[in-house]
$ cat data14.cif   # mmCIF, C-alpha atoms
data_start
#
loop_
_atom_site.group_PDB
_atom_site.id
_atom_site.type_symbol
_atom_site.label_atom_id
_atom_site.label_comp_id
_atom_site.auth_asym_id
_atom_site.auth_seq_id
_atom_site.Cartn_x
_atom_site.Cartn_y
_atom_site.Cartn_z
ATOM 1 C CA MET A 264 0.155 22.406 7.083
ATOM 2 C CA PRO A 265 -0.193 18.872 5.621
ATOM 3 C CA VAL A 266 -3.210 18.260 3.396
ATOM 4 C CA GLU A 267 -5.541 15.492 4.540
ATOM 5 C CA LYS A 268 -5.829 12.527 2.185
ATOM 6 C CA LEU A 269 -9.330 11.170 1.700
ATOM 7 C CA PHE A 270 -10.478 7.696 0.813
ATOM 8 C CA ARG A 271 -13.677 7.308 -1.202
ATOM 9 C CA ASP A 272 -16.262 7.971 1.511
ATOM 10 C CA ASP A 273 -14.220 9.819 4.120
ATOM 11 C CA PRO A 274 -15.864 12.995 5.487
ATOM 12 C CA PHE A 275 -14.259 16.301 4.594
ATOM 13 C CA PRO A 276 -12.041 17.884 7.262
ATOM 14 C CA SER A 277 -13.041 21.121 8.959
ATOM 15 C CA LEU A 278 -12.641 24.171 6.718
ATOM 16 C CA SER A 279 -10.352 25.624 9.378
ATOM 17 C CA GLN A 280 -7.764 23.118 8.185
ATOM 18 C CA ALA A 281 -7.555 24.626 4.692
ATOM 19 C CA ARG A 282 -4.194 26.055 3.685
ATOM 20 C CA HIS A 283 -3.768 29.771 3.030
ATOM 21 C CA ASP A 284 -4.354 29.137 -0.692
ATOM 22 C CA GLY A 285 -7.637 27.346 0.038
ATOM 23 C CA LEU A 286 -6.493 23.748 -0.502
ATOM 24 C CA LEU A 287 -8.336 21.566 1.996
ATOM 25 C CA ALA A 288 -7.917 17.886 1.065
ATOM 26 C CA MET A 289 -7.021 15.449 -1.697
ATOM 27 C CA GLY A 290 -8.398 12.148 -2.920
ATOM 28 C CA GLY A 291 -11.869 10.701 -2.536
ATOM 29 C CA SER A 292 -14.255 10.458 -5.483
ATOM 30 C CA LEU A 293 -16.355 12.592 -7.820
ATOM 31 C CA SER A 294 -19.607 10.772 -7.136
ATOM 32 C CA PRO A 295 -22.793 12.896 -7.209
ATOM 33 C CA GLN A 296 -23.207 12.425 -3.453
ATOM 34 C CA ARG A 297 -19.623 13.525 -2.770
ATOM 35 C CA LEU A 298 -19.941 16.576 -5.023
ATOM 36 C CA SER A 299 -23.301 17.556 -3.567
ATOM 37 C CA THR A 300 -21.899 17.314 -0.033
ATOM 38 C CA ALA A 301 -18.836 19.339 -1.014
ATOM 39 C CA TYR A 302 -20.778 22.250 -2.500
ATOM 40 C CA ARG A 303 -23.129 22.404 0.482
ATOM 41 C CA LEU A 304 -20.041 22.773 2.682
ATOM 42 C CA GLY A 305 -18.487 25.472 0.489
ATOM 43 C CA ILE A 306 -15.929 23.105 -1.087
ATOM 44 C CA PHE A 307 -15.208 22.483 -4.776
ATOM 45 C CA PRO A 308 -12.828 20.226 -6.753
ATOM 46 C CA TRP A 309 -10.098 21.659 -8.998
ATOM 47 C CA PHE A 310 -7.165 19.620 -10.257
ATOM 48 C CA SER A 311 -5.151 18.922 -13.384
ATOM 49 C CA LYS A 312 -4.251 15.815 -15.356
ATOM 50 C CA GLY A 313 -2.000 13.449 -13.398
ATOM 51 C CA SER A 314 -2.971 14.988 -10.055
ATOM 52 C CA PRO A 315 -5.189 13.458 -7.371
ATOM 53 C CA ILE A 316 -8.575 15.094 -6.848
ATOM 54 C CA LEU A 317 -7.923 18.344 -4.973
ATOM 55 C CA TRP A 318 -10.629 19.974 -2.857
ATOM 56 C CA TRP A 319 -10.636 23.726 -2.195
ATOM 57 C CA SER A 320 -12.380 26.229 0.070
ATOM 58 C CA PRO A 321 -10.695 29.626 -0.315
ATOM 59 C CA ASP A 322 -10.970 32.416 2.222
ATOM 60 C CA PRO A 323 -11.884 35.054 1.176
ATOM 61 C CA ARG A 324 -14.430 33.885 -1.393
ATOM 62 C CA PHE A 325 -15.021 35.698 -4.682
ATOM 63 C CA VAL A 326 -18.756 36.248 -5.229
ATOM 64 C CA LEU A 327 -21.261 38.346 -7.129
ATOM 65 C CA PHE A 328 -24.372 39.738 -5.450
ATOM 66 C CA PRO A 329 -27.139 40.240 -8.037
ATOM 67 C CA LYS A 330 -27.872 43.766 -6.789
ATOM 68 C CA GLU A 331 -24.216 44.679 -7.420
ATOM 69 C CA LEU A 332 -24.173 43.443 -11.016
ATOM 70 C CA LYS A 333 -22.560 45.990 -13.331
ATOM 71 C CA VAL A 334 -24.001 46.000 -16.842
ATOM 72 C CA SER A 335 -22.086 48.296 -19.186
ATOM 73 C CA LYS A 336 -23.770 50.430 -21.824
ATOM 74 C CA SER A 337 -22.388 48.150 -24.545
ATOM 75 C CA MET A 338 -23.822 45.080 -22.819
ATOM 76 C CA ARG A 339 -27.233 46.731 -22.449
ATOM 77 C CA GLN A 340 -27.120 47.468 -26.167
ATOM 78 C CA CYS A 341 -26.135 43.855 -26.814
ATOM 79 C CA GLN A 342 -29.194 42.661 -24.888
ATOM 80 C CA ARG A 343 -31.519 45.053 -26.713
ATOM 81 C CA LYS A 344 -30.235 44.171 -30.184
ATOM 82 C CA GLY A 345 -31.204 40.544 -29.794
ATOM 83 C CA THR A 346 -28.252 39.322 -31.847
ATOM 84 C CA PHE A 347 -27.902 36.403 -29.456
ATOM 85 C CA ARG A 348 -30.491 33.974 -28.125
ATOM 86 C CA VAL A 349 -30.133 32.707 -24.551
ATOM 87 C CA THR A 350 -31.411 29.324 -23.357
ATOM 88 C CA TYR A 351 -31.107 27.298 -20.170
ATOM 89 C CA ASN A 352 -30.237 23.613 -19.767
ATOM 90 C CA THR A 353 -30.672 22.753 -23.449
ATOM 91 C CA ALA A 354 -27.045 21.841 -24.233
ATOM 92 C CA PHE A 355 -25.295 21.126 -20.944
ATOM 93 C CA GLN A 356 -22.893 18.556 -22.363
ATOM 94 C CA GLU A 357 -21.940 20.799 -25.280
ATOM 95 C CA VAL A 358 -21.293 23.721 -22.937
ATOM 96 C CA ILE A 359 -18.998 21.772 -20.639
ATOM 97 C CA GLN A 360 -17.136 20.334 -23.643
ATOM 98 C CA GLN A 361 -16.636 23.807 -25.078
ATOM 99 C CA CYS A 362 -15.421 25.093 -21.700
ATOM 100 C CA ALA A 363 -12.859 22.283 -21.671
ATOM 101 C CA GLN A 364 -11.680 22.915 -25.222
ATOM 102 C CA ILE A 365 -11.493 26.712 -25.379
ATOM 103 C CA PRO A 366 -7.872 27.948 -25.242
ATOM 104 C CA ARG A 367 -7.015 30.067 -22.192
ATOM 105 C CA ALA A 368 -3.963 32.316 -22.145
ATOM 106 C CA ASP A 369 -3.260 31.749 -18.432
ATOM 107 C CA GLN A 370 -3.658 27.955 -18.437
ATOM 108 C CA ASP A 371 -1.611 25.086 -19.829
ATOM 109 C CA GLY A 372 -4.311 22.657 -20.904
ATOM 110 C CA THR A 373 -7.629 22.183 -19.129
ATOM 111 C CA TRP A 374 -8.683 21.155 -15.645
ATOM 112 C CA ILE A 375 -12.098 20.081 -17.006
ATOM 113 C CA LEU A 376 -10.909 16.533 -17.572
ATOM 114 C CA PRO A 377 -13.169 13.769 -18.949
ATOM 115 C CA GLU A 378 -13.869 12.492 -15.440
ATOM 116 C CA MET A 379 -14.895 16.003 -14.368
ATOM 117 C CA GLN A 380 -17.206 16.304 -17.375
ATOM 118 C CA GLU A 381 -18.823 12.980 -16.552
ATOM 119 C CA ALA A 382 -19.219 13.946 -12.887
ATOM 120 C CA TYR A 383 -20.989 17.232 -13.614
ATOM 121 C CA LEU A 384 -23.148 15.617 -16.286
ATOM 122 C CA ARG A 385 -24.386 13.209 -13.601
ATOM 123 C CA LEU A 386 -25.149 16.187 -11.356
ATOM 124 C CA PHE A 387 -27.052 17.809 -14.229
ATOM 125 C CA GLN A 388 -29.075 14.642 -14.746
ATOM 126 C CA GLN A 389 -30.016 14.858 -11.055
ATOM 127 C CA ASN A 390 -31.064 18.526 -11.466
ATOM 128 C CA GLN A 391 -28.192 19.743 -9.270
ATOM 129 C CA ALA A 392 -26.245 21.453 -12.053
ATOM 130 C CA MET A 393 -27.317 23.762 -14.869
ATOM 131 C CA SER A 394 -26.072 25.497 -17.979
ATOM 132 C CA VAL A 395 -26.737 28.736 -19.803
ATOM 133 C CA GLU A 396 -26.326 28.710 -23.574
ATOM 134 C CA VAL A 397 -25.821 31.660 -25.922
ATOM 135 C CA TRP A 398 -26.663 31.103 -29.578
ATOM 136 C CA GLU A 399 -25.992 33.082 -32.728
ATOM 137 C CA GLY A 400 -28.437 31.602 -35.162
ATOM 138 C CA GLU A 401 -28.042 27.845 -34.712
ATOM 139 C CA ASN A 402 -24.447 28.117 -33.487
ATOM 140 C CA LEU A 403 -23.514 27.783 -29.821
ATOM 141 C CA VAL A 404 -21.150 30.722 -29.302
ATOM 142 C CA GLY A 405 -21.015 31.102 -25.521
ATOM 143 C CA GLY A 406 -22.212 29.773 -22.227
ATOM 144 C CA LEU A 407 -21.483 28.682 -18.703
ATOM 145 C CA TYR A 408 -22.263 25.868 -16.298
ATOM 146 C CA GLY A 409 -22.288 25.395 -12.558
ATOM 147 C CA VAL A 410 -23.916 23.818 -9.528
ATOM 148 C CA LYS A 411 -27.132 24.880 -7.807
ATOM 149 C CA VAL A 412 -26.913 24.932 -4.007
ATOM 150 C CA GLY A 413 -30.216 26.262 -2.742
ATOM 151 C CA ARG A 414 -30.307 29.916 -3.855
ATOM 152 C CA VAL A 415 -26.574 29.981 -4.540
ATOM 153 C CA PHE A 416 -25.202 29.288 -8.012
ATOM 154 C CA SER A 417 -21.617 28.053 -7.941
ATOM 155 C CA GLY A 418 -20.150 28.883 -11.337
ATOM 156 C CA GLU A 419 -17.622 26.409 -12.658
ATOM 157 C CA SER A 420 -16.560 27.673 -16.076
ATOM 158 C CA MET A 421 -17.643 29.724 -19.067
ATOM 159 C CA PHE A 422 -16.611 30.026 -22.694
ATOM 160 C CA SER A 423 -16.974 32.562 -25.462
ATOM 161 C CA LYS A 424 -16.626 32.225 -29.231
ATOM 162 C CA ALA A 425 -18.230 35.593 -29.965
ATOM 163 C CA SER A 426 -17.561 38.941 -28.318
ATOM 164 C CA ASN A 427 -19.514 39.420 -25.064
ATOM 165 C CA SER A 428 -21.283 36.045 -25.270
ATOM 166 C CA SER A 429 -20.006 34.667 -21.945
ATOM 167 C CA LYS A 430 -20.742 37.969 -20.199
ATOM 168 C CA LEU A 431 -24.249 37.843 -21.629
ATOM 169 C CA ALA A 432 -24.741 34.322 -20.262
ATOM 170 C CA LEU A 433 -23.847 35.444 -16.732
ATOM 171 C CA ILE A 434 -25.830 38.685 -16.898
ATOM 172 C CA GLU A 435 -28.935 36.887 -18.097
ATOM 173 C CA LEU A 436 -28.551 34.248 -15.367
ATOM 174 C CA VAL A 437 -28.227 36.897 -12.647
ATOM 175 C CA GLN A 438 -31.207 38.816 -13.987
ATOM 176 C CA THR A 439 -33.504 35.785 -13.734
ATOM 177 C CA GLY A 440 -33.652 36.454 -9.995
ATOM 178 C CA ALA A 441 -33.313 32.727 -9.301
ATOM 179 C CA PHE A 442 -30.241 33.149 -7.077
ATOM 180 C CA ASP A 443 -29.274 35.316 -4.122
ATOM 181 C CA LEU A 444 -25.545 34.849 -4.717
ATOM 182 C CA ILE A 445 -23.260 33.802 -7.547
ATOM 183 C CA ASP A 446 -20.190 31.956 -6.267
ATOM 184 C CA CYS A 447 -17.273 32.837 -8.553
ATOM 185 C CA GLN A 448 -14.851 30.941 -6.265
ATOM 186 C CA ILE A 449 -11.577 32.754 -7.017
ATOM 187 C CA HIS A 450 -10.731 36.237 -8.280
ATOM 188 C CA SER A 451 -10.739 37.095 -11.975
ATOM 189 C CA GLU A 452 -10.636 40.511 -13.621
ATOM 190 C CA HIS A 453 -13.330 39.410 -16.074
ATOM 191 C CA LEU A 454 -15.827 38.804 -13.265
ATOM 192 C CA ALA A 455 -14.638 41.746 -11.183
ATOM 193 C CA SER A 456 -15.644 43.987 -14.094
ATOM 194 C CA LEU A 457 -19.190 42.690 -13.651
ATOM 195 C CA GLY A 458 -19.249 43.536 -9.959
ATOM 196 C CA ALA A 459 -17.877 40.416 -8.267
ATOM 197 C CA ARG A 460 -15.888 40.964 -5.057
ATOM 198 C CA GLU A 461 -14.315 39.082 -2.181
ATOM 199 C CA ILE A 462 -16.128 38.355 1.073
ATOM 200 C CA PRO A 463 -15.042 36.331 4.133
ATOM 201 C CA ARG A 464 -15.655 32.607 3.775
ATOM 202 C CA SER A 465 -17.781 32.691 6.923
ATOM 203 C CA GLU A 466 -20.154 35.158 5.251
ATOM 204 C CA PHE A 467 -20.291 33.053 2.103
ATOM 205 C CA LEU A 468 -21.180 29.942 4.122
ATOM 206 C CA SER A 469 -24.176 31.746 5.639
ATOM 207 C CA TYR A 470 -25.836 31.726 2.202
ATOM 208 C CA LEU A 471 -25.597 27.955 1.785
ATOM 209 C CA PRO A 472 -28.511 25.739 2.868
ATOM 210 C CA SER A 473 -27.949 24.090 6.236
#
$ encode --input "data14.cif" --output "structure tokens"
Amino acid sequence: MPVEKLFRDDPFPSLSQARHDGLLAMGGSLSPQRLSTAYRLGIFPWFSKGSPILWWSPDPRFVLFPKELKVSKSMRQCQRKGTFRVTYNTAFQEVIQQCAQIPRADQDGTWILPEMQEAYLRLFQQNQAMSVEVWEGENLVGGLYGVKVGRVFSGESMFSKASNSSKLALIELVQTGAFDLIDCQIHSEHLASLGAREIPRSEFLSYLPS
């Protein structure tokens, strides 16, 4: 199935047109309005250097329901010890930069390109994105960032420079009770270990604000 090419302000095609791998369209822009519209429709951008902007809406969708969160004994001990300090929205730009820079065994380079960083920073400045920071003393050692869509948090990326710090960021976010669903987008063993699972895209869409 050919992928629809978008100009700057073109509407997104129907999700039924997405390929089997979830790719829906290419092109357009990363303006705050475009990104906000995309997330409300269950669409997110993901592309690499030299590629056009690619828009995705996978089916099934990989999500975490707060009531299904699995917190291991070691993570409960980590929370009780208080070795780390967790904050919210105090270092968004640093978090996204660290997510872009951290080496990943399964990736050649980063998809969090400068234009992506700038786009999500604009969303943050409009209170549509947020970050969770994990500190060891005065050092930022872990965290995550993502987009708020009503009571759904769409996680974009996380990083860890100390054992368990990224897991702690997600666990603490879930335990705030601020969200009914954490959108993890695509499968990962790391998130599956915390209780994330796949659901039909149609079910996922029912959690997004109309």
$ resolve_selection --input "data14.cif" --expression "the PyMOL selection byres ((chain A and resi 456-466) around 7)" --output "MDAnalysis selection string"
chainID A and resid 322:327 331:334 452:455 467:469
$ residues_around --input "data14.cif" --residues "range 415-418 of chain A" --least-positions-apart "5" --cutoff "10 Å" --atoms "only C-alpha atoms" --output "PyMOL selection string"
chain A and resi 302-303+305+307+326-327+392-394+407-410+433+436-437+441-448+467+470-472
$ residues_around --input "data14.cif" --residues "Leu293 in chain A" --least-positions-apart "5" --cutoff "10 Å" --atoms "all atoms listed in the file" --output "ChimeraX atom specification"
/A:271,298-299,301,308,316,378-379,381-383,385
$ atom_distance --input "data14.cif" --atom1 "CA of Trp374 in chain A" --atom2 "CA of Cys362 in chain A"
9.9 Å
$ residues_around --input "data14.cif" --residues "range 286-288 of chain A" --least-positions-apart "4" --cutoff "8 Å" --atoms "all atoms listed in the file" --output "ChimeraX atom specification"
/A:266-269,275-276,278,280-282,317-321
$ residues_around --input "data14.cif" --residues "range 335-345 of chain A" --least-positions-apart "2" --cutoff "8 Å" --atoms "all atoms listed in the file" --output "ChimeraX atom specification"
/A:333,347-348,427,431
$ atom_distance --input "data14.cif" --atom1 "CA of Ser429 in chain A" --atom2 "CA of Val397 in chain A"
7.7 Å
$ atom_distance --input "data14.cif" --atom1 "CA of Gln364 in chain A" --atom2 "CA of Ala425 in chain A"
15.0 Å
$ residues_around --input "data14.cif" --residues "Thr346 in chain A" --least-positions-apart "6" --cutoff "9 Å" --atoms "all atoms listed in the file" --output "PyMOL selection string"
chain A and resi 398-400
$ axis_aligned_box --input "data14.cif" --around "range 447-462 of chain A" --padding-each-side "6 Å" --output "JSON"
{"center_x": -14.9, "center_y": 37.5, "center_z": -7.5, "size_x": 20.6, "size_y": 25.0, "size_z": 29.1}
$ closest_residue --input "data14.cif" --among "A:Asn402, A:Gln380, A:Ser473, A:Ser294" --to "Ile359 in chain A" --atoms "only C-alpha atoms"
A:Gln380
$ closest_residue --input "data14.cif" --among "A:Thr439, A:Gln361, A:Gln391, A:Ser426" --to "Thr300 in chain A" --atoms "only C-alpha atoms"
A:Gln391
$ closest_residue --input "data14.cif" --among "A:Gln296, A:Ser451, A:Ser423, A:Ser311" --to "Val395 in chain A" --atoms "only C-alpha atoms"
A:Ser423
$ closest_residue --input "data14.cif" --among "A:Phe355, A:Val404, A:Ile306, A:Ala363" --to "Leu386 in chain A" --atoms "all atoms listed in the file"
A:Phe355
